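What follows is a single structure, written as structure tokens, with notes after it.
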Number of protein chains: 2
Amino acid sequence: MANRNVLTEALDYAIPSTVPTHWYNIAADFPEPVAPALNPQTHEPAKPEELEPLFAKALVEQEFSTERWIEIPTPVREVYSSWRPSPLFRAHRLEKQLGTKAKIYYKYEGVSPAGSHKPNSAVAQAYFNAVEGTTKLTTETGAGQWGASLAMASAMFGLECEVFQVRSSYDEKPYRRMQMEAYGATCHPSPSDITEAGRAMLKEDPDTTGSLGMAISEAIEVAVKSDNAHYALGSVLNHVILHQSVIGLEAIEQLKEAGEEQADIVFGCAGGGSNLGGLAFPFMGLNLREGASTRIVACEPAACPSMTQGEFRYDYGDVAHLTPLLKMYTLGNEFVPPAIHAGGLRFHGMSPMVSHAKHLGLLDSIAVDENTTFSAGLEFARAEGIIPAPESTHAVAGALNYVKSGEARDGEVIVIGLSGNGVLDLPAYGREIERERNQK
Amino acid sequence: MANRNVLTEALDYAIPSTVPTHWYNIAADFPEPVAPALNPQTHEPAKPEELEPLFAKALVEQEFSTERWIEIPTPVREVYSSWRPSPLFRAHRLEKQLGTKAKIYYKYEGVSPAGSHKPNSAVAQAYFNAVEGTTKLTTETGAGQWGASLAMASAMFGLECEVFQVRSSYDEKPYRRMQMEAYGATCHPSPSDITEAGRAMLKEDPDTTGSLGMAISEAIEVAVKSDNAHYALGSVLNHVILHQSVIGLEAIEQLKEAGEEQADIVFGCAGGGSNLGGLAFPFMGLNLREGASTRIVACEPAACPSMTQGEFRYDYGDVAHLTPLLKMYTLGNEFVPPAIHAGGLRFHGMSPMVSHAKHLGLLDSIAVDENTTFSAGLEFARAEGIIPAPESTHAVAGALNYVKSGEARDGEVIVIGLSGNGVLDLPAYGREIERERNQK
């Protein structure tokens, strides 16, 4: 790994002014504060220092911050500038095919080197850790988008990276493991036999397909037991949602440039909440601060419907109860979702910030079934060229249903959060393609 | 396929002025004309009408044109605007790691929906065919980048698409087939048993790994025998090189914007010549017309070294001798390259235009071995985040060797043609990753 740790100091080149300079923190604008995370043992509000064994200090500070704007360090902006601002496209061809007079835009995060929005937080987390002297990061991953992103960011900042990937995704999507390895990371299927937590889960059910909750337990265990290592989470937590706010901040500026006064409705896919929160919260901030009226629709899988079917209560983020208790919409931490293809949405809970917004009535949520999502994904791909990630197809399906049902007004401005491309998830489309072929 | 054929008329929205309006045709600036293609039966110069059974009239006209600038139709520019201008990045992090004071830029075509430069021609070819009433396109593909691109373009313009993929790539890279299918195309491994040409090749060698030359024969046979069908070629021919000129045209403008007077040296990978020609010819045009002095280096695989080891003579583009005879650097049309991972470079010949430029001394060529290319690809990926396509790693390796050998001057402007990303070619990196692991 010699010669890699070159990026914690700014290279000091001119970064385009369209790359955001600050992250936006919606905690500053919520009408009521988010319920605090609780210590898993004492059930008292967790203190910052209790999170420091797991996370870099700067990240813990962000986790608790109620500052509205948090400056993005130059080395992070430098890396961002390789793909940010990500494009906001008008879906002209899709509109034409749908015969709609609504204006459909999509904010496309698949141009990042890892193919999704996940590097927005991975780069920030790797940076703050590298600055504070961490030498290794551990994490979990579902579909592999987060794992690949952290692997990439770790390579850039000279960190070792060890990833636990939910077994169903590990088995079904070998390219993601190869992608992590190309960036120099190690990847294990979870549950694995190299952690106590993993061995206990395997003992209980040797054939388990795994879950994000299980993989989190394993990654935390390895981080805690290693020297100089920290854990990194790709969604759910406040600091992750914060980093993702660049998506929505850019989209607001890009809509203005395109001559739109505001977005009327925003569709985002929702798993742990990082893409949805990143895209939607800056719009929600305008609703709260400036009286804008953008409607926000979280689209989650019918097979893992935390917001539409879950309860709003305190729950653990993982199966082994190593995480703080978080107040969120949850299906229960023991919930093992079916092995749906949108691995990134297989989480039993939902970001406390997104949950809070839902509880306050600041956003709507809908559940979409798998066939509908892949069919929408193919329709989108053949018009716009981009094959959406299975996660992103939930937002696409939400928007397409909205337009096809006739709900959309002429001239209405619709924004779809296209969180990533699906080129490494193509087998997930297989069943839908087969179904199409049989219909011919 | 109903409701898809919507794009041959312009949608008439504002296209950014940075999307090129014309293709550049180097035939106008060559000091001597390119040797004509010969009719495969008569060995007389082929006439335009002889190519019309295979290609749309507009494309045949471009094939023979010596006009310098050819206007890009609005519907093609509209599709281009989904990813064009493609970014020209300065490789700040790579420079820092190399400790060089040369300035390394890379022109990145992997942001296209299909992940490579191939859609630049696929969209144009599908458009001109759709306008002239073609209902089906057939083609060959190596690594699958061209096949996926033509599948995408065909979906957009409402055409059926049938692809013959070199068997070694078909077997090794299943995701590419799925990508073509996601766009609605059909994909066969080549040689197949559904064409006469394919059956003859299988009879001769049932275990053949295939070649682009074989796949071309099959695709042409199907096109000729189908009603209303045309064949599409992803490289080699003049009109394909023409369409790819958007790469170099943009790069010249983008370098100016970055404050550079000119590129000192351009490294491109060379298989059939479309990416190299597309990137390099606009620079070469400035050399020829305006006395610029950009050096151009074609980087080809040591395993398929048409320019560094082949002869400059007339040869067929395919194994069954269905194509016109082309004057080019060739290893002989019966040459079957080893199953190297950079499937897109497995062609026995080289574009007549690129060959002509080489013969006139307007460009240099070097051969790079496979280990060097993948090792350079990983070095690039870990610094810049992007995992280059195996084809592109040849250009990366050429540039890295140049810098590491100490040949590059301080302040020298180096441009690498990064023709695509390698996310769908990750297994190709496997051996290099394994080698690294064993060295640890």
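FYI, nothing fancy with the structure tokens labels: chains A, B, ... in order, residues from 1 per chain, ligands from 1 as they appear.
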_Just list as a ChimeraX atom specification whatever in stretch 239-294 of chain A DSSP marks as strand (DSSP E or B)._
/A:265-269
*asked:* For B:Leu51, find every residue with an atom within 10 Å (counting only C-alpha atoms), except residues of its own chain fewer than 5 positions away, and show them as a list of chain:residue names.
replied: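 The residues satisfying every condition are B:Asn39, B:Ala46, B:Ala56, B:Lys57, B:Leu59, B:Val60, B:Glu61, B:Glu63, B:Thr323, B:Pro324.
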_B:Leu255 surroundings by only C-alpha atoms, 10 Å radius, close-in-sequence under 2 positions cut, as a ChimeraX atom specification_ = /B:88-90,105,250-253,257-263,413,415
*In terms of the shortest atom-to-atom distance over only C-alpha atoms, which of A:Ser65, A:Thr186, A:Ser168, A:Ser274 is closest to chain B?*
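Residue with the minimum atom-to-atom distance to chain B: A:Thr186.
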Lay chain B over chain A using all C-alpha atoms, matched one to one in order, with a least-squares fit; then write it out as a compact mmCIF listing (two decimals) with C-alpha atoms, in the first residue's frame.
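As a result, selection-v2.txt now contains:
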# COMPACT_ATOMS: atom_id res chain seq x y z
CA MET B 1 -0.01 -0.07 -0.05
CA ALA B 2 3.08 2.13 -0.08
CA ASN B 3 2.86 5.41 -1.92
CA ARG B 4 -0.91 5.50 -1.81
CA ASN B 5 -1.60 7.71 1.13
CA VAL B 6 -1.23 10.86 -0.83
CA LEU B 7 -4.61 12.48 -0.69
CA THR B 8 -5.28 13.74 2.80
CA GLU B 9 -3.48 16.92 1.81
CA ALA B 10 -5.18 18.94 -0.88
CA LEU B 11 -3.61 18.77 -4.32
CA ASP B 12 -4.91 22.31 -4.72
CA TYR B 13 -6.10 22.43 -8.26
CA ALA B 14 -9.07 24.42 -9.45
CA ILE B 15 -12.28 22.59 -8.60
CA PRO B 16 -15.31 23.63 -10.69
CA SER B 17 -17.56 25.98 -8.75
CA THR B 18 -20.50 23.67 -9.44
CA VAL B 19 -19.08 21.09 -7.01
CA PRO B 20 -20.83 21.80 -3.70
CA THR B 21 -18.67 23.40 -1.00
CA HIS B 22 -20.88 22.38 1.95
CA TRP B 23 -23.04 19.48 2.97
CA TYR B 24 -26.59 20.28 4.05
CA ASN B 25 -27.79 19.04 7.44
CA ILE B 26 -31.56 18.83 7.72
CA ALA B 27 -31.27 18.47 11.51
CA ALA B 28 -31.02 22.27 11.53
CA ASP B 29 -34.45 22.63 9.92
CA PHE B 30 -36.60 19.83 11.34
CA PRO B 31 -39.47 21.36 13.36
CA GLU B 32 -38.73 18.80 16.11
CA PRO B 33 -35.38 17.18 16.83
CA VAL B 34 -34.69 13.59 15.75
CA ALA B 35 -34.96 11.17 18.69
CA PRO B 36 -31.47 10.41 19.98
CA ALA B 37 -29.69 7.10 19.47
CA LEU B 38 -29.60 5.07 22.70
CA ASN B 39 -26.69 3.18 24.22
CA PRO B 40 -27.44 -0.51 23.60
CA GLN B 41 -26.58 -1.45 27.21
CA THR B 42 -27.94 1.45 29.28
CA HIS B 43 -30.70 2.59 26.94
CA GLU B 44 -29.61 6.16 27.80
CA PRO B 45 -28.98 8.63 24.95
CA ALA B 46 -25.65 7.66 23.39
CA LYS B 47 -22.81 10.12 23.97
CA PRO B 48 -20.40 11.10 21.24
CA GLU B 49 -17.48 9.43 22.98
CA GLU B 50 -19.37 6.14 23.01
CA LEU B 51 -19.31 6.10 19.22
CA GLU B 52 -15.64 6.94 18.88
CA PRO B 53 -14.40 3.35 19.10
CA LEU B 54 -16.30 2.79 15.88
CA PHE B 55 -16.09 6.03 13.93
CA ALA B 56 -13.65 8.87 13.30
CA LYS B 57 -14.19 11.83 15.63
CA ALA B 58 -15.13 14.17 12.82
CA LEU B 59 -17.84 11.76 11.71
CA VAL B 60 -19.20 11.42 15.25
CA GLU B 61 -19.35 15.19 15.45
CA GLN B 62 -21.33 15.28 12.22
CA GLU B 63 -23.61 12.56 13.58
CA PHE B 64 -24.65 14.83 16.45
CA SER B 65 -24.45 18.15 14.65
CA THR B 66 -27.38 20.50 14.20
CA GLU B 67 -25.37 22.99 12.11
CA ARG B 68 -27.14 23.59 8.81
CA TRP B 69 -24.05 23.78 6.60
CA ILE B 70 -20.91 21.70 7.10
CA GLU B 71 -17.88 22.47 5.00
CA ILE B 72 -16.60 19.79 2.65
CA PRO B 73 -12.81 19.43 3.00
CA THR B 74 -10.86 20.24 -0.15
CA PRO B 75 -9.38 16.75 -0.64
CA VAL B 76 -12.93 15.33 -0.60
CA ARG B 77 -14.12 17.96 -3.08
CA GLU B 78 -11.14 17.11 -5.27
CA VAL B 79 -12.22 13.49 -5.45
CA TYR B 80 -15.88 14.51 -5.88
CA SER B 81 -14.90 16.59 -8.87
CA SER B 82 -14.15 13.39 -10.82
CA TRP B 83 -17.88 12.90 -11.26
CA ARG B 84 -19.68 15.76 -9.47
CA PRO B 85 -21.85 17.55 -10.21
CA SER B 86 -23.50 14.38 -11.42
CA PRO B 87 -25.80 15.05 -14.38
CA LEU B 88 -29.48 15.98 -14.08
CA PHE B 89 -31.00 14.77 -17.33
CA ARG B 90 -34.37 15.56 -18.82
CA ALA B 91 -35.89 12.25 -19.98
CA HIS B 92 -37.03 13.59 -23.34
CA ARG B 93 -37.22 10.19 -25.00
CA LEU B 94 -39.07 8.58 -22.11
CA GLU B 95 -41.56 11.47 -22.03
CA LYS B 96 -42.17 11.06 -25.74
CA GLN B 97 -42.77 7.34 -25.36
CA LEU B 98 -45.12 7.88 -22.45
CA GLY B 99 -46.92 10.60 -24.36
CA THR B 100 -46.84 12.79 -21.26
CA LYS B 101 -46.64 16.55 -21.02
CA ALA B 102 -45.12 16.34 -17.58
CA LYS B 103 -41.39 17.09 -17.48
CA ILE B 104 -39.40 14.13 -16.19
CA TYR B 105 -35.88 14.75 -14.92
CA TYR B 106 -33.51 12.22 -13.44
CA LYS B 107 -30.51 12.86 -11.25
CA TYR B 108 -27.98 10.25 -12.27
CA GLU B 109 -25.43 9.03 -9.72
CA GLY B 110 -24.26 6.11 -11.86
CA VAL B 111 -21.49 8.24 -13.40
CA SER B 112 -19.38 7.80 -10.26
CA PRO B 113 -16.49 5.40 -10.77
CA ALA B 114 -18.19 2.82 -8.55
CA GLY B 115 -21.47 3.26 -10.43
CA SER B 116 -23.71 4.62 -7.65
CA HIS B 117 -24.20 7.44 -5.15
CA LYS B 118 -22.30 5.53 -2.46
CA PRO B 119 -18.88 7.13 -3.06
CA ASN B 120 -20.31 10.46 -1.86
CA SER B 121 -20.10 9.15 1.68
CA ALA B 122 -17.33 6.57 1.20
CA VAL B 123 -14.85 9.24 0.12
CA ALA B 124 -15.75 11.45 3.07
CA GLN B 125 -15.54 8.60 5.57
CA ALA B 126 -12.21 7.35 4.22
CA TYR B 127 -10.82 10.88 4.27
CA PHE B 128 -11.77 11.69 7.88
CA ASN B 129 -10.48 8.30 9.02
CA ALA B 130 -7.18 8.67 7.16
CA VAL B 131 -6.66 12.15 8.64
CA GLU B 132 -7.19 10.77 12.15
CA GLY B 133 -4.74 7.91 11.64
CA THR B 134 -7.07 4.97 11.05
CA THR B 135 -5.31 2.36 8.90
CA LYS B 136 -8.18 -0.02 8.21
CA LEU B 137 -11.93 0.20 7.58
CA THR B 138 -14.45 -2.60 7.85
CA THR B 139 -17.96 -2.56 6.50
CA GLU B 140 -20.96 -4.53 5.33
CA THR B 141 -22.47 -4.43 1.87
CA GLY B 142 -25.66 -5.69 0.27
CA ALA B 143 -25.68 -5.47 -3.49
CA GLY B 144 -22.04 -4.47 -3.27
CA GLN B 145 -22.35 -0.84 -4.27
CA TRP B 146 -21.34 0.41 -0.86
CA GLY B 147 -18.55 -2.14 -0.48
CA ALA B 148 -17.10 -1.24 -3.88
CA SER B 149 -17.32 2.44 -3.07
CA LEU B 150 -15.56 2.11 0.26
CA ALA B 151 -12.94 -0.11 -1.38
CA MET B 152 -12.30 2.62 -3.95
CA ALA B 153 -12.14 5.39 -1.37
CA SER B 154 -9.86 3.29 0.85
CA ALA B 155 -7.45 2.75 -2.03
CA MET B 156 -7.32 6.49 -2.64
CA PHE B 157 -6.60 7.34 0.99
CA GLY B 158 -4.24 4.44 1.64
CA LEU B 159 -6.48 2.42 3.96
CA GLU B 160 -6.96 -1.32 4.20
CA CYS B 161 -10.56 -2.31 3.57
CA GLU B 162 -12.41 -5.47 4.65
CA VAL B 163 -15.97 -6.02 3.49
CA PHE B 164 -18.69 -8.43 4.64
CA GLN B 165 -21.14 -8.97 1.82
CA VAL B 166 -24.62 -10.41 2.38
CA ARG B 167 -24.30 -14.00 1.17
CA SER B 168 -27.21 -13.92 -1.28
CA SER B 169 -25.59 -10.98 -3.10
CA TYR B 170 -22.08 -12.45 -2.80
CA ASP B 171 -23.22 -15.62 -4.52
CA GLU B 172 -25.37 -13.98 -7.14
CA LYS B 173 -23.13 -11.05 -8.08
CA PRO B 174 -19.50 -12.21 -8.31
CA TYR B 175 -18.48 -9.13 -10.29
CA ARG B 176 -18.99 -6.92 -7.26
CA ARG B 177 -16.47 -8.94 -5.27
CA MET B 178 -14.02 -8.63 -8.17
CA GLN B 179 -14.64 -4.89 -8.25
CA MET B 180 -13.76 -4.61 -4.55
CA GLU B 181 -10.68 -6.74 -5.12
CA ALA B 182 -9.62 -4.61 -8.06
CA TYR B 183 -9.53 -1.70 -5.63
CA GLY B 184 -7.41 -3.85 -3.29
CA ALA B 185 -10.06 -4.76 -0.68
CA THR B 186 -10.86 -8.13 0.89
CA CYS B 187 -14.43 -9.42 0.67
CA HIS B 188 -16.11 -12.18 2.73
CA PRO B 189 -19.59 -13.63 2.33
CA SER B 190 -21.70 -12.98 5.44
CA PRO B 191 -22.41 -14.67 7.71
CA SER B 192 -18.82 -15.95 7.67
CA ASP B 193 -16.97 -18.24 10.00
CA ILE B 194 -14.27 -15.67 10.80
CA THR B 195 -16.29 -13.75 13.43
CA GLU B 196 -18.07 -14.86 16.56
CA ALA B 197 -21.26 -13.20 15.40
CA GLY B 198 -21.06 -14.94 12.04
CA ARG B 199 -20.41 -18.36 13.57
CA ALA B 200 -23.38 -17.94 15.89
CA MET B 201 -25.65 -17.04 12.96
CA LEU B 202 -24.42 -19.98 10.90
CA LYS B 203 -24.99 -22.31 13.82
CA GLU B 204 -28.58 -21.15 14.04
CA ASP B 205 -29.20 -21.41 10.28
CA PRO B 206 -26.36 -22.82 8.18
CA ASP B 207 -28.28 -22.03 4.99
CA THR B 208 -29.14 -18.42 5.75
CA THR B 209 -28.98 -16.04 2.79
CA GLY B 210 -27.69 -13.36 5.17
CA SER B 211 -28.90 -9.83 5.75
CA LEU B 212 -27.41 -6.39 6.15
CA GLY B 213 -28.14 -6.65 9.87
CA MET B 214 -25.95 -9.76 10.12
CA ALA B 215 -23.15 -8.33 8.01
CA ILE B 216 -23.08 -5.17 10.15
CA SER B 217 -22.54 -7.28 13.28
CA GLU B 218 -19.56 -9.01 11.69
CA ALA B 219 -17.96 -5.83 10.38
CA ILE B 220 -18.30 -4.11 13.77
CA GLU B 221 -16.79 -7.10 15.54
CA VAL B 222 -13.72 -7.08 13.29
CA ALA B 223 -13.30 -3.31 13.63
CA VAL B 224 -13.48 -3.43 17.41
CA LYS B 225 -11.00 -6.33 17.63
CA SER B 226 -8.45 -4.85 15.18
CA ASP B 227 -5.79 -2.26 15.98
CA ASN B 228 -6.33 1.13 14.50
CA ALA B 229 -9.45 0.07 12.63
CA HIS B 230 -12.82 1.73 12.33
CA TYR B 231 -16.14 0.66 11.03
CA ALA B 232 -17.93 2.45 8.18
CA LEU B 233 -21.64 2.36 7.47
CA GLY B 234 -23.03 3.11 4.02
CA SER B 235 -26.49 4.35 4.96
CA VAL B 236 -28.91 4.92 7.88
CA LEU B 237 -26.75 7.20 10.05
CA ASN B 238 -27.03 10.97 10.12
CA HIS B 239 -23.50 11.62 8.88
CA VAL B 240 -24.07 9.39 5.84
CA ILE B 241 -27.29 11.18 4.95
CA LEU B 242 -25.38 14.43 5.40
CA HIS B 243 -22.67 13.44 2.89
CA GLN B 244 -25.31 12.42 0.36
CA SER B 245 -26.93 15.86 0.47
CA VAL B 246 -24.70 16.88 -2.45
CA ILE B 247 -27.19 15.04 -4.68
CA GLY B 248 -30.15 17.22 -3.82
CA LEU B 249 -28.13 20.43 -3.54
CA GLU B 250 -26.87 19.98 -7.07
CA ALA B 251 -30.30 18.97 -8.38
CA ILE B 252 -31.84 22.20 -7.04
CA GLU B 253 -29.20 24.29 -8.84
CA GLN B 254 -29.49 22.22 -12.01
CA LEU B 255 -33.27 22.59 -12.12
CA LYS B 256 -32.84 26.36 -11.83
CA GLU B 257 -30.38 26.31 -14.71
CA ALA B 258 -32.92 24.33 -16.72
CA GLY B 259 -35.42 27.11 -16.07
CA GLU B 260 -37.61 25.30 -13.54
CA GLU B 261 -38.88 27.16 -10.49
CA GLN B 262 -39.03 24.07 -8.33
CA ALA B 263 -39.52 20.32 -8.41
CA ASP B 264 -43.15 19.41 -7.95
CA ILE B 265 -42.50 15.82 -6.98
CA VAL B 266 -39.37 13.80 -6.22
CA PHE B 267 -39.23 9.99 -6.36
CA GLY B 268 -36.37 8.27 -4.57
CA CYS B 269 -35.71 4.65 -3.74
CA ALA B 270 -35.47 3.83 -0.06
CA GLY B 271 -33.51 1.05 1.59
CA GLY B 272 -31.47 2.44 4.44
CA GLY B 273 -32.33 5.96 3.36
CA SER B 274 -29.05 7.42 2.12
CA ASN B 275 -30.01 8.00 -1.49
CA LEU B 276 -33.51 9.16 -0.62
CA GLY B 277 -32.31 11.49 2.13
CA GLY B 278 -29.45 12.78 0.02
CA LEU B 279 -31.71 13.67 -2.86
CA ALA B 280 -34.82 14.74 -0.96
CA PHE B 281 -33.63 16.58 2.15
CA PRO B 282 -32.30 19.66 0.39
CA PHE B 283 -35.72 19.96 -1.29
CA MET B 284 -37.41 19.34 2.07
CA GLY B 285 -35.23 22.06 3.55
CA LEU B 286 -36.65 24.50 0.99
CA ASN B 287 -40.14 23.34 1.93
CA LEU B 288 -39.39 24.00 5.61
CA ARG B 289 -37.39 27.22 5.29
CA GLU B 290 -38.76 28.91 2.22
CA GLY B 291 -42.27 27.58 1.80
CA ALA B 292 -41.53 25.52 -1.30
CA SER B 293 -43.97 22.71 -1.94
CA THR B 294 -42.04 19.80 -3.37
CA ARG B 295 -43.74 16.49 -2.65
CA ILE B 296 -41.36 13.68 -1.74
CA VAL B 297 -42.16 10.03 -2.37
CA ALA B 298 -40.01 7.26 -0.92
CA CYS B 299 -40.28 4.08 -3.02
CA GLU B 300 -39.45 0.90 -1.15
CA PRO B 301 -39.64 -2.78 -2.12
CA ALA B 302 -42.88 -4.57 -1.26
CA ALA B 303 -40.65 -7.41 -0.04
CA CYS B 304 -38.92 -5.24 2.58
CA PRO B 305 -41.46 -2.54 3.42
CA SER B 306 -40.07 -0.88 6.52
CA MET B 307 -41.85 2.45 6.08
CA THR B 308 -45.14 1.25 4.65
CA GLN B 309 -45.51 -1.79 6.95
CA GLY B 310 -43.05 -1.32 9.81
CA GLU B 311 -43.45 0.27 13.24
CA PHE B 312 -41.88 3.57 14.30
CA ARG B 313 -39.96 2.56 17.43
CA TYR B 314 -36.49 2.04 18.84
CA ASP B 315 -34.67 -0.95 17.35
CA TYR B 316 -31.14 -2.18 16.76
CA GLY B 317 -29.45 -1.72 13.42
CA ASP B 318 -28.03 -5.23 13.50
CA VAL B 319 -28.87 -8.76 14.49
CA ALA B 320 -26.28 -9.13 17.26
CA HIS B 321 -27.41 -5.88 18.94
CA LEU B 322 -24.01 -4.23 18.72
CA THR B 323 -25.30 -0.95 17.30
CA PRO B 324 -26.98 1.80 19.28
CA LEU B 325 -30.75 1.68 19.45
CA LEU B 326 -32.20 3.89 16.73
CA LYS B 327 -35.72 5.31 16.55
CA MET B 328 -36.92 4.30 13.13
CA TYR B 329 -39.49 2.53 11.02
CA THR B 330 -38.52 -1.10 11.39
CA LEU B 331 -39.67 -4.59 10.54
CA GLY B 332 -37.70 -5.85 13.54
CA ASN B 333 -33.96 -6.49 13.54
CA GLU B 334 -34.54 -10.24 13.26
CA PHE B 335 -36.44 -9.75 9.99
CA VAL B 336 -34.66 -11.55 7.13
CA PRO B 337 -35.98 -10.19 3.86
CA PRO B 338 -36.43 -12.59 0.96
CA ALA B 339 -33.39 -12.67 -1.32
CA ILE B 340 -34.73 -9.88 -3.48
CA HIS B 341 -32.42 -8.66 -6.19
CA ALA B 342 -32.24 -5.09 -4.98
CA GLY B 343 -29.77 -6.11 -2.30
CA GLY B 344 -29.20 -2.51 -1.33
CA LEU B 345 -32.77 -2.26 -0.10
CA ARG B 346 -32.68 -5.39 2.09
CA PHE B 347 -32.51 -3.61 5.45
CA HIS B 348 -35.05 -4.15 8.19
CA GLY B 349 -35.04 -0.52 9.31
CA MET B 350 -34.81 2.98 7.87
CA SER B 351 -32.57 5.95 8.57
CA PRO B 352 -33.77 7.74 11.74
CA MET B 353 -33.75 11.04 9.85
CA VAL B 354 -35.87 9.67 7.01
CA SER B 355 -38.13 7.93 9.54
CA HIS B 356 -38.49 11.17 11.48
CA ALA B 357 -39.44 13.04 8.30
CA LYS B 358 -42.03 10.40 7.49
CA HIS B 359 -43.40 10.50 11.04
CA LEU B 360 -43.74 14.29 10.80
CA GLY B 361 -45.62 13.94 7.53
CA LEU B 362 -42.84 15.57 5.50
CA LEU B 363 -42.69 12.73 2.98
CA ASP B 364 -44.87 9.94 1.58
CA SER B 365 -43.89 6.34 1.09
CA ILE B 366 -45.09 3.66 -1.29
CA ALA B 367 -44.12 0.00 -1.80
CA VAL B 368 -43.44 -1.40 -5.27
CA ASP B 369 -43.30 -5.07 -6.21
CA GLU B 370 -40.34 -6.62 -7.98
CA ASN B 371 -41.91 -7.32 -11.39
CA THR B 372 -43.11 -3.75 -11.67
CA THR B 373 -39.67 -2.41 -10.85
CA PHE B 374 -37.75 -4.46 -13.42
CA SER B 375 -40.31 -3.87 -16.11
CA ALA B 376 -40.00 -0.13 -15.43
CA GLY B 377 -36.20 -0.49 -15.51
CA LEU B 378 -36.27 -2.04 -18.98
CA GLU B 379 -38.68 0.59 -20.25
CA PHE B 380 -36.36 3.27 -18.96
CA ALA B 381 -33.23 1.59 -20.36
CA ARG B 382 -34.61 1.29 -23.87
CA ALA B 383 -35.65 4.94 -23.98
CA GLU B 384 -32.81 6.62 -22.11
CA GLY B 385 -29.98 4.12 -22.65
CA ILE B 386 -29.10 3.76 -18.98
CA ILE B 387 -29.89 0.42 -17.31
CA PRO B 388 -30.91 1.49 -13.79
CA ALA B 389 -29.65 -0.31 -10.70
CA PRO B 390 -32.32 -2.61 -9.25
CA GLU B 391 -32.57 -0.19 -6.31
CA SER B 392 -33.12 2.76 -8.64
CA THR B 393 -35.86 0.93 -10.56
CA HIS B 394 -38.09 1.43 -7.51
CA ALA B 395 -37.97 5.19 -8.00
CA VAL B 396 -38.41 4.76 -11.77
CA ALA B 397 -41.44 2.52 -11.21
CA GLY B 398 -42.92 5.02 -8.75
CA ALA B 399 -42.62 7.83 -11.28
CA LEU B 400 -43.85 5.77 -14.24
CA ASN B 401 -46.90 4.61 -12.30
CA TYR B 402 -47.61 8.20 -11.35
CA VAL B 403 -47.45 9.36 -14.97
CA LYS B 404 -49.32 6.39 -16.40
CA SER B 405 -52.11 6.69 -13.84
CA GLY B 406 -52.80 10.17 -15.18
CA GLU B 407 -51.97 11.86 -11.89
CA ALA B 408 -49.23 14.04 -13.37
CA ARG B 409 -50.30 17.49 -14.54
CA ASP B 410 -49.10 19.00 -17.83
CA GLY B 411 -45.87 20.83 -17.17
CA GLU B 412 -45.41 19.20 -13.76
CA VAL B 413 -41.73 18.82 -12.84
CA ILE B 414 -40.93 15.27 -11.78
CA VAL B 415 -37.49 14.31 -10.48
CA ILE B 416 -36.38 10.69 -10.28
CA GLY B 417 -33.38 9.76 -8.15
CA LEU B 418 -31.38 7.37 -10.30
CA SER B 419 -29.02 6.18 -7.61
CA GLY B 420 -26.87 4.03 -9.84
CA ASN B 421 -26.54 1.92 -12.93
CA GLY B 422 -27.36 -1.76 -13.03
CA VAL B 423 -24.56 -3.12 -15.21
CA LEU B 424 -23.20 -5.21 -12.35
CA ASP B 425 -26.69 -6.36 -11.41
CA LEU B 426 -27.74 -7.65 -14.81
CA PRO B 427 -28.62 -11.16 -13.62
CA ALA B 428 -31.34 -9.51 -11.53
CA TYR B 429 -33.05 -8.48 -14.77
CA GLY B 430 -32.90 -12.06 -16.07
CA ARG B 431 -36.32 -13.14 -14.89
CA GLU B 432 -38.04 -10.10 -16.39
CA ILE B 433 -36.23 -10.59 -19.72
CA GLU B 434 -37.24 -14.26 -19.71
CA ARG B 435 -40.86 -13.29 -19.02
CA GLU B 436 -40.78 -10.84 -21.95
CA ARG B 437 -39.33 -13.47 -24.24
CA ASN B 438 -42.07 -15.93 -23.34
CA GLN B 439 -44.71 -13.31 -24.13
CA LYS B 440 -43.40 -12.78 -27.67
*Taking the backbone alone, and naming residues the way the document does, which bits of stretch 160-192 of chain A are helix (DSSP H, G or I) by DSSP, as a ChimeraX atom specification?*
/A:167-172,174-182
